[in-house]
Structure formats: structure tokens, C-alpha cells
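Listing of run_38.txt, compact mmCIF, C-alpha atoms
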```txt
# COMPACT_ATOMS: atom_id res chain seq x y z
CA MET A 1 -25.13 -17.58 -13.49
CA SER A 2 -25.83 -21.30 -13.33
CA TRP A 3 -23.86 -23.64 -11.06
CA ALA A 4 -22.24 -25.30 -14.08
CA ALA A 5 -21.17 -21.93 -15.49
CA PHE A 6 -19.86 -20.86 -12.09
CA ARG A 7 -17.80 -24.06 -11.74
CA SER A 8 -16.18 -23.45 -15.11
CA SER A 9 -15.42 -19.78 -14.37
CA LYS A 10 -12.21 -18.41 -12.88
CA TRP A 11 -14.13 -17.37 -9.76
CA PHE A 12 -14.75 -20.98 -8.76
CA ARG A 13 -11.07 -21.42 -8.00
CA LEU A 14 -11.32 -18.63 -5.43
CA VAL A 15 -13.88 -20.64 -3.45
CA TRP A 16 -11.14 -23.02 -2.34
CA ILE A 17 -8.96 -20.16 -1.13
CA ILE A 18 -11.34 -19.25 1.70
CA PRO A 19 -11.30 -22.61 3.56
CA ALA A 20 -7.56 -22.94 2.88
CA LEU A 21 -6.92 -19.53 4.46
CA LEU A 22 -9.13 -20.42 7.44
CA VAL A 23 -7.23 -23.67 8.01
CA ALA A 24 -3.89 -21.84 7.71
CA PHE A 25 -5.09 -19.13 10.12
CA VAL A 26 -6.17 -21.66 12.77
CA ALA A 27 -2.89 -23.57 12.36
CA VAL A 28 -0.83 -20.39 12.84
CA VAL A 29 -2.80 -19.40 15.95
CA LEU A 30 -2.43 -22.87 17.50
CA LEU A 31 1.29 -22.97 16.70
CA ALA A 32 1.89 -19.51 18.17
CA ASN A 33 0.02 -20.38 21.38
CA TRP A 34 1.97 -23.64 21.66
CA LEU A 35 5.22 -21.68 21.29
CA ARG A 36 4.15 -19.22 23.98
CA GLY A 37 3.64 -22.16 26.34
CA ILE A 38 7.32 -23.12 26.07
CA PRO A 39 9.23 -21.56 29.00
CA ALA A 40 12.16 -20.43 26.82
CA VAL A 41 9.81 -18.63 24.41
CA ALA A 42 7.88 -17.07 27.28
CA ASP A 43 11.17 -15.77 28.72
CA PHE A 44 12.15 -14.48 25.27
CA ILE A 45 8.90 -12.51 24.96
CA GLU A 46 9.34 -11.11 28.46
CA GLN A 47 12.90 -10.00 27.63
CA TYR A 48 11.88 -8.55 24.24
CA PRO A 49 8.29 -7.34 24.67
CA GLY A 50 8.21 -5.54 21.34
CA ARG A 51 9.50 -1.98 21.53
CA ASP A 52 13.09 -1.20 20.64
CA PRO A 53 14.27 1.59 23.00
CA ALA A 54 16.35 3.06 20.16
CA ASN A 55 13.12 4.12 18.41
CA GLU A 56 11.87 6.25 21.29
CA ALA A 57 13.75 9.36 20.13
CA ALA A 58 10.76 10.94 18.39
CA GLU A 59 8.49 13.32 20.24
CA PRO A 60 5.14 11.76 21.24
CA GLY A 61 2.27 12.54 18.90
CA PHE A 62 2.07 13.25 15.19
CA PRO A 63 2.38 16.47 13.15
CA ALA A 64 -0.72 17.73 11.33
CA TRP A 65 0.85 17.25 7.89
CA LEU A 66 1.03 13.50 8.52
CA ALA A 67 -2.76 13.30 8.86
CA TRP A 68 -3.54 14.81 5.47
CA GLN A 69 -0.61 12.97 3.88
CA HIS A 70 -1.97 9.69 5.22
CA ALA A 71 -5.52 10.39 3.98
CA LEU A 72 -4.34 11.57 0.55
CA ASN A 73 -2.02 8.59 0.15
CA ALA A 74 -4.83 6.18 1.05
CA PHE A 75 -7.03 7.82 -1.61
CA LEU A 76 -4.34 7.71 -4.31
CA ILE A 77 -3.10 4.17 -3.63
CA LEU A 78 -6.67 2.90 -3.96
CA PHE A 79 -6.82 4.12 -7.57
CA VAL A 80 -3.22 3.18 -8.32
CA ILE A 81 -4.21 -0.41 -7.54
CA LYS A 82 -7.58 -0.15 -9.32
CA SER A 83 -6.04 1.23 -12.53
CA GLY A 84 -3.26 -1.37 -12.42
CA LEU A 85 -5.79 -4.19 -12.12
CA LEU A 86 -7.80 -2.71 -14.99
CA ILE A 87 -4.71 -2.88 -17.21
CA ARG A 88 -4.17 -6.56 -16.34
CA THR A 89 -7.80 -7.68 -16.62
CA THR A 90 -9.32 -5.57 -19.44
CA LYS A 91 -9.06 -7.24 -22.83
CA ARG A 92 -10.79 -4.47 -24.80
CA PRO A 93 -10.14 -0.99 -23.39
CA ALA A 94 -13.02 1.48 -23.55
CA ALA A 95 -10.87 4.00 -25.42
CA TYR A 96 -7.34 4.99 -26.40
CA TRP A 97 -5.51 8.24 -25.67
CA THR A 98 -2.86 10.11 -27.66
CA ARG A 99 -1.11 13.11 -26.14
CA ASN A 100 -1.40 16.46 -27.95
CA ASN A 101 2.03 17.68 -26.85
CA THR A 102 3.83 14.39 -27.23
CA GLY A 103 7.03 15.43 -25.42
CA LEU A 104 8.70 12.35 -23.98
CA LEU A 105 5.88 10.05 -25.07
CA ARG A 106 7.22 9.35 -28.53
CA THR A 107 8.32 6.20 -30.27
CA LYS A 108 10.46 6.84 -33.36
CA ASN A 109 9.04 10.37 -33.61
CA GLU A 110 5.48 9.07 -33.49
CA PRO A 111 3.10 9.93 -30.64
CA VAL A 112 2.36 6.95 -28.44
CA ARG A 113 -1.21 5.70 -28.27
CA ILE A 114 -2.10 4.12 -24.94
CA SER A 115 -5.29 2.69 -23.53
CA LEU A 116 -7.46 4.84 -21.29
CA ASN A 117 -6.59 2.48 -18.43
CA HIS A 118 -2.87 3.11 -19.01
CA TRP A 119 -3.53 6.85 -19.05
CA PHE A 120 -5.44 6.54 -15.77
CA HIS A 121 -2.64 4.49 -14.20
CA VAL A 122 0.14 6.83 -15.31
CA GLY A 123 -1.83 9.90 -14.23
CA ILE A 124 -2.73 8.64 -10.77
CA ASP A 125 0.81 7.27 -10.33
CA SER A 126 2.19 10.73 -11.09
CA LEU A 127 0.03 12.26 -8.35
CA TRP A 128 1.07 9.47 -5.96
CA LEU A 129 4.73 10.13 -6.80
CA ILE A 130 4.38 13.88 -6.14
CA ASN A 131 2.66 13.16 -2.84
CA GLY A 132 5.44 10.72 -1.99
CA VAL A 133 8.18 13.26 -2.66
CA VAL A 134 6.42 15.75 -0.36
CA PHE A 135 6.12 13.00 2.25
CA TYR A 136 9.83 12.13 2.09
CA VAL A 137 10.85 15.78 2.46
CA LEU A 138 8.56 16.38 5.43
CA LEU A 139 9.51 13.05 6.97
CA PHE A 140 13.19 13.95 7.17
CA VAL A 141 12.78 17.67 7.85
CA SER A 142 10.48 16.97 10.81
CA GLY A 143 12.54 14.10 12.20
CA GLN A 144 9.58 11.71 11.99
CA TRP A 145 11.78 9.26 10.07
CA VAL A 146 13.07 7.90 13.41
CA ARG A 147 9.67 6.29 13.97
CA ILE A 148 9.91 3.98 10.95
CA VAL A 149 13.61 3.17 10.60
CA PRO A 150 15.09 0.27 12.63
CA ARG A 151 17.96 1.78 14.59
CA SER A 152 19.49 -1.09 16.56
CA TRP A 153 20.03 -4.84 16.27
CA GLU A 154 17.61 -5.35 19.16
CA ALA A 155 14.80 -4.43 16.79
CA PHE A 156 15.02 -7.92 15.26
CA PRO A 157 14.26 -10.01 18.39
CA HIS A 158 11.61 -7.46 19.39
CA ALA A 159 9.98 -7.90 15.95
CA VAL A 160 10.04 -11.71 16.28
CA SER A 161 8.44 -11.40 19.71
CA VAL A 162 5.69 -9.15 18.37
CA ALA A 163 5.02 -11.55 15.48
CA ILE A 164 4.48 -14.42 17.93
CA GLN A 165 2.22 -12.24 20.07
CA TYR A 166 0.12 -11.17 17.10
CA ALA A 167 -0.11 -14.73 15.77
CA SER A 168 -1.29 -16.03 19.15
CA LEU A 169 -4.08 -13.38 19.21
CA ASN A 170 -2.73 -12.25 22.58
CA TRP A 171 -1.53 -8.95 21.18
CA PRO A 172 1.15 -6.63 22.58
CA ALA A 173 0.16 -3.38 24.25
CA GLU A 174 -0.34 -0.59 21.71
CA ALA A 175 1.33 2.80 22.23
CA GLY A 176 1.56 4.17 18.70
CA TRP A 177 1.22 7.75 19.97
CA VAL A 178 4.65 7.35 21.58
CA ASN A 179 6.40 4.89 19.25
CA TYR A 180 5.61 1.88 17.09
CA ASN A 181 6.46 -1.68 18.03
CA ALA A 182 9.41 -3.25 16.22
CA LEU A 183 7.33 -5.25 13.74
CA GLN A 184 5.45 -2.10 12.74
CA VAL A 185 8.76 -0.30 12.26
CA PHE A 186 10.00 -3.01 9.87
CA ALA A 187 6.68 -3.07 7.99
CA TYR A 188 6.58 0.72 7.54
CA PHE A 189 10.27 0.82 6.60
CA ALA A 190 9.79 -1.88 3.96
CA THR A 191 6.73 -0.12 2.55
CA VAL A 192 8.11 3.42 2.47
CA PHE A 193 11.75 2.81 1.56
CA ILE A 194 11.68 -0.45 -0.42
CA ALA A 195 8.27 -1.29 -1.92
CA ALA A 196 7.30 2.25 -2.94
CA PRO A 197 10.60 3.06 -4.74
CA LEU A 198 10.53 -0.35 -6.45
CA ALA A 199 6.96 0.27 -7.62
CA ILE A 200 8.03 3.58 -9.16
CA ILE A 201 11.22 2.26 -10.79
CA THR A 202 9.54 -0.79 -12.30
CA GLY A 203 6.52 1.25 -13.40
CA LEU A 204 8.68 3.80 -15.19
CA ARG A 205 10.51 1.01 -17.01
CA MET A 206 7.22 -0.25 -18.45
CA THR A 207 5.55 3.10 -19.24
CA PRO A 208 4.63 3.26 -22.96
CA GLY A 209 6.88 5.74 -24.74
CA LEU A 210 9.27 6.04 -21.83
CA ALA A 211 10.04 2.34 -22.09
CA GLU A 212 11.59 3.02 -25.50
CA ARG A 213 13.99 5.51 -23.97
CA TRP A 214 15.15 2.95 -21.40
CA LYS A 215 16.32 0.55 -24.12
CA PRO A 216 20.04 1.37 -23.66
CA LEU A 217 19.64 -0.11 -20.17
CA GLU A 218 18.02 -3.32 -21.44
CA ARG A 219 21.00 -5.49 -20.57
CA ILE A 220 21.25 -4.38 -16.96
CA TYR A 221 17.57 -3.57 -16.42
CA PRO A 222 15.40 -5.55 -18.88
CA VAL A 223 11.73 -4.67 -19.19
CA ASN A 224 10.82 -8.29 -18.42
CA LEU A 225 12.44 -7.92 -15.01
CA ALA A 226 10.31 -4.83 -14.36
CA ARG A 227 7.17 -6.77 -15.34
CA LEU A 228 8.24 -9.67 -13.13
CA LEU A 229 8.58 -7.40 -10.08
CA HIS A 230 5.77 -4.89 -10.60
CA PHE A 231 2.77 -7.16 -9.99
CA PRO A 232 4.16 -8.86 -6.82
CA ILE A 233 4.86 -5.37 -5.44
CA MET A 234 1.18 -4.54 -5.92
CA ILE A 235 0.25 -7.76 -4.11
CA TYR A 236 2.53 -6.68 -1.26
CA PHE A 237 0.70 -3.35 -1.03
CA LEU A 238 -2.67 -5.13 -0.98
CA LEU A 239 -1.53 -7.41 1.85
CA PHE A 240 0.00 -4.52 3.76
CA ILE A 241 -3.19 -2.45 3.45
CA PHE A 242 -5.38 -5.39 4.55
CA VAL A 243 -3.26 -6.19 7.61
CA HIS A 244 -2.77 -2.51 8.45
CA VAL A 245 -6.50 -1.71 8.36
CA PHE A 246 -7.37 -4.93 10.20
CA LEU A 247 -4.99 -4.15 13.06
CA VAL A 248 -6.02 -0.48 13.23
CA LEU A 249 -9.63 -1.53 13.70
CA THR A 250 -8.98 -4.42 16.09
CA THR A 251 -6.32 -2.96 18.41
CA GLY A 252 -8.26 0.11 19.54
CA ALA A 253 -10.04 1.64 16.56
CA ILE A 254 -11.10 4.89 18.25
CA ASN A 255 -7.64 5.64 19.60
CA ASN A 256 -5.82 4.63 16.40
CA LEU A 257 -8.14 6.65 14.15
CA ASN A 258 -7.76 9.67 16.43
CA HIS A 259 -3.99 9.41 16.08
CA MET A 260 -3.98 9.48 12.28
CA TYR A 261 -7.10 11.43 11.37
CA ALA A 262 -7.54 13.89 14.25
CA ILE A 263 -4.00 14.14 15.72
CA ARG A 264 -5.19 13.56 19.27
CA ASN A 265 -4.68 10.85 21.87
CA ASP A 266 -8.09 10.38 23.46
CA GLU A 267 -11.39 8.54 23.12
CA SER A 268 -13.28 11.20 21.13
CA TRP A 269 -15.20 10.31 17.97
CA LEU A 270 -13.47 12.91 15.79
CA GLY A 271 -10.98 10.50 14.23
CA LEU A 272 -13.73 8.01 13.41
CA ILE A 273 -15.81 10.79 11.82
CA TRP A 274 -12.94 11.94 9.60
CA PHE A 275 -12.17 8.33 8.71
CA GLY A 276 -15.81 7.86 7.70
CA VAL A 277 -15.69 11.02 5.58
CA SER A 278 -12.57 9.73 3.79
CA ILE A 279 -14.27 6.39 3.07
CA VAL A 280 -17.29 8.19 1.60
CA VAL A 281 -15.01 10.34 -0.59
CA MET A 282 -13.20 7.25 -1.87
CA ALA A 283 -16.47 5.43 -2.54
CA VAL A 284 -17.91 8.39 -4.45
CA ALA A 285 -14.72 8.74 -6.51
CA TRP A 286 -14.71 4.99 -7.22
CA VAL A 287 -18.22 5.20 -8.66
CA ALA A 288 -17.66 8.54 -10.42
CA LEU A 289 -14.46 7.66 -12.25
CA ARG A 290 -16.17 5.73 -15.02
CA PRO A 291 -14.69 5.48 -18.54
CA SER A 292 -16.89 8.36 -19.74
CA ILE A 293 -15.57 10.67 -17.00
CA LEU A 294 -11.99 9.50 -17.52
CA SER A 295 -12.33 10.11 -21.27
CA MET A 296 -13.53 13.65 -20.61
CA ILE A 297 -10.57 14.37 -18.30
CA ALA A 298 -8.06 12.67 -20.60
CA GLY A 299 -9.39 14.76 -23.51
CA LEU A 300 -8.06 17.90 -21.85
CA GLY A 301 -4.51 16.86 -22.68
CA GLY A 302 -4.88 14.66 -25.72
CA LYS A 303 -7.16 12.91 -28.17
CA VAL A 304 -9.42 10.11 -26.98
CA ARG A 305 -10.71 7.64 -29.54
CA ARG A 306 -12.63 4.42 -29.19
```
Could you write out this structure as C-alpha cells?
Amino acid sequence: MSWAAFRSSKWFRLVWIIPALLVAFVAVVLLANWLRGIPAVADFIEQYPGRDPANEAAEPGFPAWLAWQHALNAFLILFVIKSGLLIRTTKRPAAYWTRNNTGLLRTKNEPVRISLNHWFHVGIDSLWLINGVVFYVLLFVSGQWVRIVPRSWEAFPHAVSVAIQYASLNWPAEAGWVNYNALQVFAYFATVFIAAPLAIITGLRMTPGLAERWKPLERIYPVNLARLLHFPIMIYFLLFIFVHVFLVLTTGAINNLNHMYAIRNDESWLGLIWFGVSIVVMAVAWVALRPSILSMIAGLGGKVRR
């Protein structure tokens, strides 16, 4: 691509995002360090170091089911996001799919034809939803919910304190094996109990075929509202994943990966090995799930036409 063609492309606009983000990052770090130099703020951080005592009720450590749930969810959310972006960015889908047993996917008694990308998105979303239901059940049955639900008003000043500490790059002590800091609790709570349900509700409202059946609710839940919310929710997930992975790798990668991939609290390499295996599996699946493969899989339950 020539320089002139690059300047006229949509990618050129992204070039300006990088220096803008760097300037914003430096400004935030300088501001946070200036705040920490103020005696009142320093006293505040000392009084509220980051961990709300109310969230120490859970037993130290993690159950084994949480490890495979975490790995499976990471795999599924990757392709939920990929398929969603394909829907937004693909002008000419590779193929279209029509269900053999139309069931709910009908519009005025006619089977609904959807793009292969829509089929991919709905299919992977369904698996993500099933995995999420299993996660919710195990979360409450095991009592692990206490780790990710704010349980006292003191969680708020602790979260503010942690945010300042993170922003200053002088990070709080990590003890995730015992309990999360208050900012982590709020982030996990928002992701599990707010963002994920909203993603499902808005996605269902827009699903071809099903959207027709939601029409009686148009006045109180219009499809345009679902469209307005669905994409920002995906952006939230992207930001959450970026920050989450960044902090996992920069606040003690070996220990953190052992917690979530090997269910152990030590300096062994087992967690890193399993993490590497999961990355390889995701990379292979990313390359393998081409339109030709998706068409073959989609053809098992419907007709695929170009």
C-alpha cells in the first residue's frame, strides 16, 4: 500500500490514537504520583490500603472447576468478539444459512436466512451462555460469589485507593489467592453481573427471527436501544480483557497463572505451561475457523448458500 493510499484509508486515523494514548497514560501517571505526594491522600491510602475485610469470608484458594471455566470462557469470548466484529465489518458475507428445522427462527412462517457470520455469532454465543449458566450455578453453590460481590460500604474508598495506586505504577500488594482487592471486586462484579447479562439481553433482542417475536415489547424495549447498547458492551469486554491480562502478567505472572490455570499458590511453571497450551489452542482455532470450515459445520443443521 502506498503512503497516499494509507493516508486515505481508515487505518490512518488509528495512527493518531497511539501517541494520544501515550500522552494520556503519562498524564495519568504524573497526576496519580502528585496525588500520592499530598499528605491527606497518603493518609487515605494508608487507612484504606485496598482490601475490604468484608470480602475475606471465602476460603483461600480456588476450586478446580473455576480453572476450566476460566479457560473455556476465555476461548469462547474470543470468538464471540471475533464473530461480532465480522458482522459489523463484513459487507459481503461469504455465505448465508437457513435452518432445516426452522423452529423459532421464522418470520411470518418463512424460515429466516442469516449470514454465515450471524450463524457463527449466534452459535458461539449459545455456547458462551450455557457455560455462563454453569458458572453462575457453581459460583453460588460453592460460595465463591463472596469473592466478587462488594459487601460493605468500605469497598468504595478501598477501590479508590487501589485505583490511585495502580495509576501511580506503585501497585498494591497482590494476594488474589486469599481475596481480591476492592477494585478487582468491582470490576469482576460489573463484568459477571452487569455486562454479561446485558450482552445476552441485547443480543437476543437483535437475533434474526427472534427479533420478530420481541415486537410486542418494542415500546418498552426497542431494537434500536439494543443496538445502541450491544456494541459499547463489547468494547467494555475488550477493555476489561486487555487490562485484566496486562495486570495478570505484570503483577506476578507465574503466581497469577498458577492460581487460575493450575490451582496452586507457588512459583512452579505449571500454570504458565497450561496458559501457553490454551493460547496455542485459541490460535489454532482462530486459523482453522475459516468460512469453508464454518460452512461445513453450519451445513449440519441447515442449508448454506453463497
Inset, instruction - Take atom CA of A:Gln69 and atom CA of A:Phe189 and report the distance between them in Å, one decimal. - result: 16.5 Å
Inset, instruction - Tell me which of A:Ile241, A:Leu229, A:Ile18, A:Ala175 sits closest to A:Gly61, counting all atoms listed in the file. - result: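 The shortest atom-to-atom distance to A:Gly61 comes from A:Ala175.
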Inset, instruction - Measure the distance from atom CA of A:Gln47 to atom CA of A:Val162 in Å and round it to one decimal. - result: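 Separation of atom CA of A:Gln47 and atom CA of A:Val162: 11.8 Å.
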Inset, instruction - With all atoms listed in the file counted, which protein, DNA or RNA residues have an atom no more than 10 Å from (0.7, 13.6, 10.9) in the file frame? Please answer as a PyMOL selection string. - result: chain A and resi 61-71+138-139+144+259-263
Would you write out those residues with C-alpha atoms, as a short mmCIF file (atom, residue, chain, number, x, y, z; two decimals), in the frame of the given file?
```cif
data_model
loop_
_atom_site.label_atom_id
_atom_site.label_comp_id
_atom_site.auth_asym_id
_atom_site.auth_seq_id
_atom_site.Cartn_x
_atom_site.Cartn_y
_atom_site.Cartn_z
CA GLY A 61 2.27 12.54 18.90
CA PHE A 62 2.07 13.25 15.19
CA PRO A 63 2.38 16.47 13.15
CA ALA A 64 -0.72 17.73 11.33
CA TRP A 65 0.85 17.25 7.89
CA LEU A 66 1.03 13.50 8.52
CA ALA A 67 -2.76 13.30 8.86
CA TRP A 68 -3.54 14.81 5.47
CA GLN A 69 -0.61 12.97 3.88
CA HIS A 70 -1.97 9.69 5.22
CA ALA A 71 -5.52 10.39 3.98
CA LEU A 138 8.56 16.38 5.43
CA LEU A 139 9.51 13.05 6.97
CA GLN A 144 9.58 11.71 11.99
CA HIS A 259 -3.99 9.41 16.08
CA MET A 260 -3.98 9.48 12.28
CA TYR A 261 -7.10 11.43 11.37
CA ALA A 262 -7.54 13.89 14.25
CA ILE A 263 -4.00 14.14 15.72
#
```
Inset, instruction - Could you check which of A:Gly203, A:Ala253, A:Leu294, A:Pro60 is closest to A:Leu270, using only C-alpha atoms? - result: A:Ala253
Legend entry - Between atom CA of A:Leu129 and atom CA of A:Arg213 - distance in Å to one decimal: 20.0 Å
Inset, instruction - Name the residues, using the chain letters and numbers of the file, that sit within 8 Å of (-3.4, 11.8, 23.9) when counting only C-alpha atoms, and give them as an MDAnalysis selection string. - result: chainID A and resid 61 177 264:266
Inset, instruction - Could you tell me which of A:Val160, A:Arg51, A:Tyr188, A:Val223 comes closest to A:Arg205 if we count all atoms listed in the file? - result: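 Using all atoms listed in the file, the shortest distance to A:Arg205 belongs to A:Val223.
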